[in-house]
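Let me begin by presenting the structure, written as C-alpha cells, before commenting on it.
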Amino acid sequence: KIWTNSRVFFTFDSNVTADNRNRFNAAAAEWSDVTNIVFQQRTNEANYIHVQDGNNNSSFVGMIGGRQDLTITSWNSRFIIAHEIAHSLGMVHEHTRGDRDTYVQINGANIQQGQEHNFAILSTSNYTRYDFASIMHYSATAFSSNQLTTIDPQPDFQLYPVQPELSAD
C-alpha cells in the first residue's frame, strides 16, 4: 500500500542514538530528493514507521497500517538504511521481479537452507528496465551457503555484473 498523501510519519525508539537518527534522516532525505515523498516526525498519526535498533535489517513492504517497525543493525551503511526505507515505501527486491529470469539466474543449490524465500519470484508490475545496480538488488553471493554466487546475470547480460558488496538484508 502507498502512504497517504505521500507522507511517511515516523518515530524513533529510545534505543536509536542521536547519530543513528541523523543517519536515518539523511537516508530519508535522499528519497525525498528524488520523489514527492515527505518524511515527517509523528505526532499522533495512526500510520507510521517506528525506527529501531536491532539484530537485523528489516522492514515491512509498503504501508501496512498502524505502527510498523523498521529495524536497522547496519547503521554505518547508508545503502542499507535507504534500502530498508525503500521497503517501507513499497519496493520489493529487484531480483524478485516477475520478469527476473530474463535477466538473472538464481543458483538455488548455493542458497542457505531456510533463506530460499528471499529469492521467490513475485507478481510485479515493472515500470522500468531491470536494474542490476538497484539499491533493491541483492549481492551476487547473498545468503550463500558455500561462498559461491546465488545470483548471476543471464548470458545476454554479462556486462551487468551483480555487485558483491551490495548485500542489504
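How things are named: the first chain in the C-alpha cells is A, the next is B, and so on; residues count from 1 in each chain; ligands count from 1 in the order shown.
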Selection near Tyr160 in chain A, 9 Å with only C-alpha atoms, sequence-local residues under 2 positions removed, as a tab-separated table (two decimals) with N, CA and C atoms, in the first residue's frame:
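part_9.tsv was written with the following content:
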```tsv
chain	number	residue	atom	x	y	z
A	131	ASP	N	17.18	-3.43	-13.17
A	131	ASP	CA	18.30	-2.59	-12.74
A	131	ASP	C	19.26	-3.41	-11.87
A	132	PHE	N	20.37	-3.83	-12.47
A	132	PHE	CA	21.36	-4.62	-11.76
A	132	PHE	C	22.02	-3.82	-10.63
A	133	ALA	N	22.04	-2.52	-10.76
A	133	ALA	CA	22.67	-1.66	-9.75
A	133	ALA	C	21.65	-1.09	-8.76
A	153	PRO	N	24.13	-12.90	-13.66
A	153	PRO	CA	23.46	-12.36	-14.84
A	153	PRO	C	23.28	-13.46	-15.89
A	157	PHE	N	23.34	-10.65	-20.45
A	157	PHE	CA	23.51	-9.51	-19.55
A	157	PHE	C	24.81	-9.59	-18.75
A	158	GLN	N	25.80	-10.26	-19.30
A	158	GLN	CA	27.09	-10.40	-18.60
A	158	GLN	C	27.79	-9.07	-18.37
A	162	VAL	N	26.33	-8.44	-11.05
A	162	VAL	CA	25.68	-8.19	-9.77
A	162	VAL	C	26.78	-7.87	-8.78
A	163	GLN	N	26.69	-6.74	-8.13
A	163	GLN	CA	27.75	-6.27	-7.24
A	163	GLN	C	27.84	-7.10	-5.97
```
DSSP alpha helix (DSSP H) selection over chain A, as a ChimeraX atom specification: /A:18-34,78-89
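Counting only C-alpha atoms and comparing A:Gln147, A:Asn20, A:Asn47, A:Gln113, the residue that lies closest to Ile64 in chain A is A:Asn47.
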Pick from A:Thr150, A:Ser123, A:Thr71, A:Asn118, whichever lies nearest to Val16 in chain A using only C-alpha atoms: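 With only C-alpha atoms as the atom set, the closest residue is A:Thr71.
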DSSP strand (DSSP E or B) residues within range 17-138 of chain A, listed as a ChimeraX atom specification: /A:38-41,48-53,58-59,67-72,104-106,111
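If only C-alpha atoms are the atoms counted, then among A:Gln115, A:Thr43, A:Ile80, A:Ala28 the closest residue to Ser145 in chain A is A:Gln115.
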Which of A:Ala26, A:Ile121, A:Ala46, A:Met91 sits closest to Ser59 in chain A [using only C-alpha atoms]: A:Met91
Contact residues around range 5-12 of chain A with only C-alpha atoms at 6 Å, ignoring same-chain residues under 5 positions, as a PyMOL selection string: chain A and resi 37-42+48-51
Next, the residues of the selection above should be written as a tab-separated table (two decimals), in the first residue's frame with all heavy atoms.
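What follows is the written file result_18.tsv:
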```tsv
chain	number	residue	atom	x	y	z
A	37	ILE	N	7.81	12.20	-1.88
A	37	ILE	CA	7.53	11.68	-0.53
A	37	ILE	C	8.14	12.60	0.52
A	37	ILE	O	9.29	13.03	0.40
A	37	ILE	CB	8.06	10.25	-0.38
A	37	ILE	CG1	7.30	9.35	-1.35
A	37	ILE	CG2	7.93	9.76	1.05
A	37	ILE	CD1	7.89	7.99	-1.52
A	38	VAL	N	7.35	12.88	1.53
A	38	VAL	CA	7.79	13.71	2.65
A	38	VAL	C	7.84	12.84	3.90
A	38	VAL	O	6.86	12.16	4.23
A	38	VAL	CB	6.82	14.90	2.87
A	38	VAL	CG1	7.21	15.69	4.11
A	38	VAL	CG2	6.77	15.78	1.64
A	39	PHE	N	8.97	12.84	4.57
A	39	PHE	CA	9.12	12.14	5.84
A	39	PHE	C	8.93	13.17	6.95
A	39	PHE	O	9.52	14.25	6.91
A	39	PHE	CB	10.50	11.50	5.95
A	39	PHE	CG	10.67	10.33	5.03
A	39	PHE	CD1	11.07	10.51	3.72
A	39	PHE	CD2	10.40	9.04	5.46
A	39	PHE	CE1	11.22	9.44	2.86
A	39	PHE	CE2	10.54	7.96	4.61
A	39	PHE	CZ	10.95	8.16	3.30
A	40	GLN	N	8.11	12.81	7.93
A	40	GLN	CA	7.77	13.76	8.97
A	40	GLN	C	7.67	13.05	10.32
A	40	GLN	O	7.12	11.95	10.41
A	40	GLN	CB	6.42	14.39	8.61
A	40	GLN	CG	6.00	15.52	9.48
A	40	GLN	CD	4.72	16.17	8.91
A	40	GLN	OE1	4.38	16.03	7.74
A	40	GLN	NE2	4.02	16.87	9.77
A	41	GLN	N	8.22	13.69	11.35
A	41	GLN	CA	8.11	13.16	12.71
A	41	GLN	C	6.64	12.99	13.05
A	41	GLN	O	5.83	13.88	12.78
A	41	GLN	CB	8.76	14.11	13.71
A	41	GLN	CG	10.27	14.04	13.75
A	41	GLN	CD	10.79	12.88	14.59
A	41	GLN	OE1	11.63	12.15	14.13
A	41	GLN	NE2	10.32	12.72	15.79
A	42	ARG	N	6.31	11.87	13.64
A	42	ARG	CA	4.93	11.58	14.03
A	42	ARG	C	4.54	12.40	15.26
A	42	ARG	O	5.34	12.59	16.17
A	42	ARG	CB	4.80	10.10	14.35
A	42	ARG	CG	3.44	9.71	14.87
A	42	ARG	CD	3.40	8.23	15.22
A	42	ARG	NE	2.06	7.85	15.64
A	42	ARG	CZ	1.73	7.52	16.88
A	42	ARG	NH1	2.65	7.52	17.83
A	42	ARG	NH2	0.49	7.19	17.17
A	48	TYR	N	2.42	4.83	10.88
A	48	TYR	CA	3.76	5.38	11.00
A	48	TYR	C	4.80	4.27	11.07
A	48	TYR	O	4.50	3.12	11.39
A	48	TYR	CB	3.87	6.28	12.23
A	48	TYR	CG	3.70	5.56	13.56
A	48	TYR	CD1	4.82	5.20	14.32
A	48	TYR	CD2	2.45	5.25	14.04
A	48	TYR	CE1	4.66	4.54	15.53
A	48	TYR	CE2	2.28	4.60	15.25
A	48	TYR	CZ	3.39	4.25	15.99
A	48	TYR	OH	3.24	3.58	17.18
A	49	ILE	N	6.02	4.66	10.79
A	49	ILE	CA	7.19	3.77	10.90
A	49	ILE	C	7.82	4.01	12.27
A	49	ILE	O	8.04	5.15	12.65
A	49	ILE	CB	8.20	4.07	9.78
A	49	ILE	CG1	7.61	3.75	8.42
A	49	ILE	CG2	9.50	3.29	10.01
A	49	ILE	CD1	8.47	4.23	7.27
A	50	HIS	N	8.12	2.93	12.95
A	50	HIS	CA	8.83	3.00	14.23
A	50	HIS	C	10.25	2.50	13.97
A	50	HIS	O	10.46	1.31	13.74
A	50	HIS	CB	8.13	2.15	15.29
A	50	HIS	CG	8.78	2.21	16.62
A	50	HIS	ND1	8.68	3.31	17.45
A	50	HIS	CD2	9.58	1.33	17.25
A	50	HIS	CE1	9.36	3.08	18.55
A	50	HIS	NE2	9.93	1.89	18.46
A	51	VAL	N	11.21	3.41	13.94
A	51	VAL	CA	12.60	3.09	13.62
A	51	VAL	C	13.29	2.63	14.90
A	51	VAL	O	13.26	3.33	15.91
A	51	VAL	CB	13.33	4.32	13.03
A	51	VAL	CG1	14.76	3.98	12.67
A	51	VAL	CG2	12.57	4.86	11.82
```
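CA of Ile72 in chain A sits 17.2 Å away from CA of Glu30 in chain A.
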Minimum-distance residue to Val92 in chain A, chosen among A:Gly114, A:Gly54, A:Gly108, A:Gly62 (using only C-alpha atoms):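 Ranking A:Gly114, A:Gly54, A:Gly108, A:Gly62 by distance to Val92 in chain A, first place goes to A:Gly62.
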Close residues, Gln105 in chain A itself excluded, 12 Å, only C-alpha atoms, min 3 positions apart in chain, as a list in words: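 Selected residues are His95, Thr96, Asp99, Arg100, Asp101, Thr102, Gly108, Ala109, Asn110, Phe119, Ile121, Ala140, Thr149, Thr150, Ile151, Asp152, Pro153, Gln154, Pro155, Asp156, Phe157, Gln158, Pro161 and Val162 of chain A.
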The selected residues should be written to file as a compact mmCIF listing (two decimals), in the first residue's frame (atoms: N, CA, C and O atoms).
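The result, written out as again.txt:
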```txt
# COMPACT_ATOMS: atom_id res chain seq x y z
N HIS A 95 15.59 -8.53 -7.69
CA HIS A 95 15.78 -9.91 -8.14
C HIS A 95 14.57 -10.80 -7.84
O HIS A 95 14.62 -12.00 -8.10
N THR A 96 13.46 -10.22 -7.34
CA THR A 96 12.23 -10.99 -7.16
C THR A 96 11.15 -10.55 -8.13
O THR A 96 10.02 -11.03 -8.06
N ASP A 99 9.72 -10.69 -13.95
CA ASP A 99 10.48 -10.93 -15.17
C ASP A 99 11.97 -11.21 -14.91
O ASP A 99 12.77 -11.21 -15.83
N ARG A 100 12.33 -11.45 -13.68
CA ARG A 100 13.75 -11.56 -13.32
C ARG A 100 14.51 -12.66 -14.05
O ARG A 100 15.69 -12.52 -14.32
N ASP A 101 13.85 -13.79 -14.40
CA ASP A 101 14.58 -14.89 -15.03
C ASP A 101 15.12 -14.52 -16.41
O ASP A 101 16.02 -15.17 -16.92
N THR A 102 14.59 -13.47 -17.00
CA THR A 102 15.12 -12.96 -18.27
C THR A 102 16.51 -12.36 -18.05
O THR A 102 17.35 -12.40 -18.94
N GLY A 108 19.95 -21.93 -6.85
CA GLY A 108 19.32 -22.45 -5.65
C GLY A 108 20.20 -23.37 -4.83
O GLY A 108 20.10 -23.39 -3.60
N ALA A 109 21.08 -24.12 -5.47
CA ALA A 109 21.95 -25.05 -4.75
C ALA A 109 22.94 -24.33 -3.84
O ALA A 109 23.47 -24.94 -2.90
N ASN A 110 23.17 -23.04 -4.08
CA ASN A 110 24.12 -22.27 -3.28
C ASN A 110 23.46 -21.45 -2.16
O ASN A 110 24.14 -20.79 -1.39
N PHE A 119 14.45 -15.30 -2.54
CA PHE A 119 14.66 -15.34 -3.98
C PHE A 119 13.39 -15.72 -4.76
O PHE A 119 13.44 -15.94 -5.96
N ILE A 121 10.07 -15.49 -6.83
CA ILE A 121 9.55 -14.54 -7.82
C ILE A 121 8.19 -14.04 -7.34
O ILE A 121 7.34 -14.82 -6.91
N ALA A 140 25.68 -10.64 -5.38
CA ALA A 140 25.88 -11.89 -6.11
C ALA A 140 25.97 -13.10 -5.18
O ALA A 140 25.62 -14.21 -5.57
N THR A 149 28.20 -17.92 -5.94
CA THR A 149 27.15 -16.97 -6.24
C THR A 149 25.76 -17.59 -6.12
O THR A 149 25.55 -18.76 -6.45
N THR A 150 24.84 -16.77 -5.65
CA THR A 150 23.43 -17.15 -5.61
C THR A 150 22.67 -16.45 -6.74
O THR A 150 21.59 -16.90 -7.11
N ILE A 151 23.24 -15.37 -7.26
CA ILE A 151 22.62 -14.64 -8.36
C ILE A 151 23.69 -14.34 -9.42
O ILE A 151 24.71 -13.75 -9.11
N ASP A 152 23.41 -14.75 -10.66
CA ASP A 152 24.31 -14.46 -11.78
C ASP A 152 23.53 -13.83 -12.92
O ASP A 152 22.37 -14.20 -13.15
N PRO A 153 24.13 -12.90 -13.66
CA PRO A 153 23.46 -12.36 -14.84
C PRO A 153 23.28 -13.46 -15.89
O PRO A 153 24.13 -14.35 -16.02
N GLN A 154 22.18 -13.41 -16.60
CA GLN A 154 22.00 -14.33 -17.73
C GLN A 154 23.04 -13.98 -18.79
O GLN A 154 23.57 -12.86 -18.80
N PRO A 155 23.34 -14.92 -19.70
CA PRO A 155 24.40 -14.68 -20.69
C PRO A 155 24.27 -13.37 -21.47
O PRO A 155 25.27 -12.70 -21.72
N ASP A 156 23.07 -12.97 -21.84
CA ASP A 156 22.89 -11.73 -22.59
C ASP A 156 23.14 -10.48 -21.76
O ASP A 156 23.17 -9.38 -22.29
N PHE A 157 23.34 -10.65 -20.45
CA PHE A 157 23.51 -9.51 -19.55
C PHE A 157 24.81 -9.59 -18.75
O PHE A 157 24.91 -9.02 -17.67
N GLN A 158 25.80 -10.26 -19.30
CA GLN A 158 27.09 -10.40 -18.60
C GLN A 158 27.79 -9.07 -18.37
O GLN A 158 28.63 -8.96 -17.49
N PRO A 161 27.29 -6.95 -14.17
CA PRO A 161 27.52 -7.86 -13.04
C PRO A 161 26.73 -7.44 -11.81
O PRO A 161 26.50 -6.27 -11.58
N VAL A 162 26.33 -8.44 -11.05
CA VAL A 162 25.68 -8.19 -9.77
C VAL A 162 26.78 -7.87 -8.78
O VAL A 162 27.74 -8.62 -8.64
```
Point-to-point distance from CA of Thr35 in chain A to CA of Ala120 in chain A, Å rounded to tenths: 27.7 Å
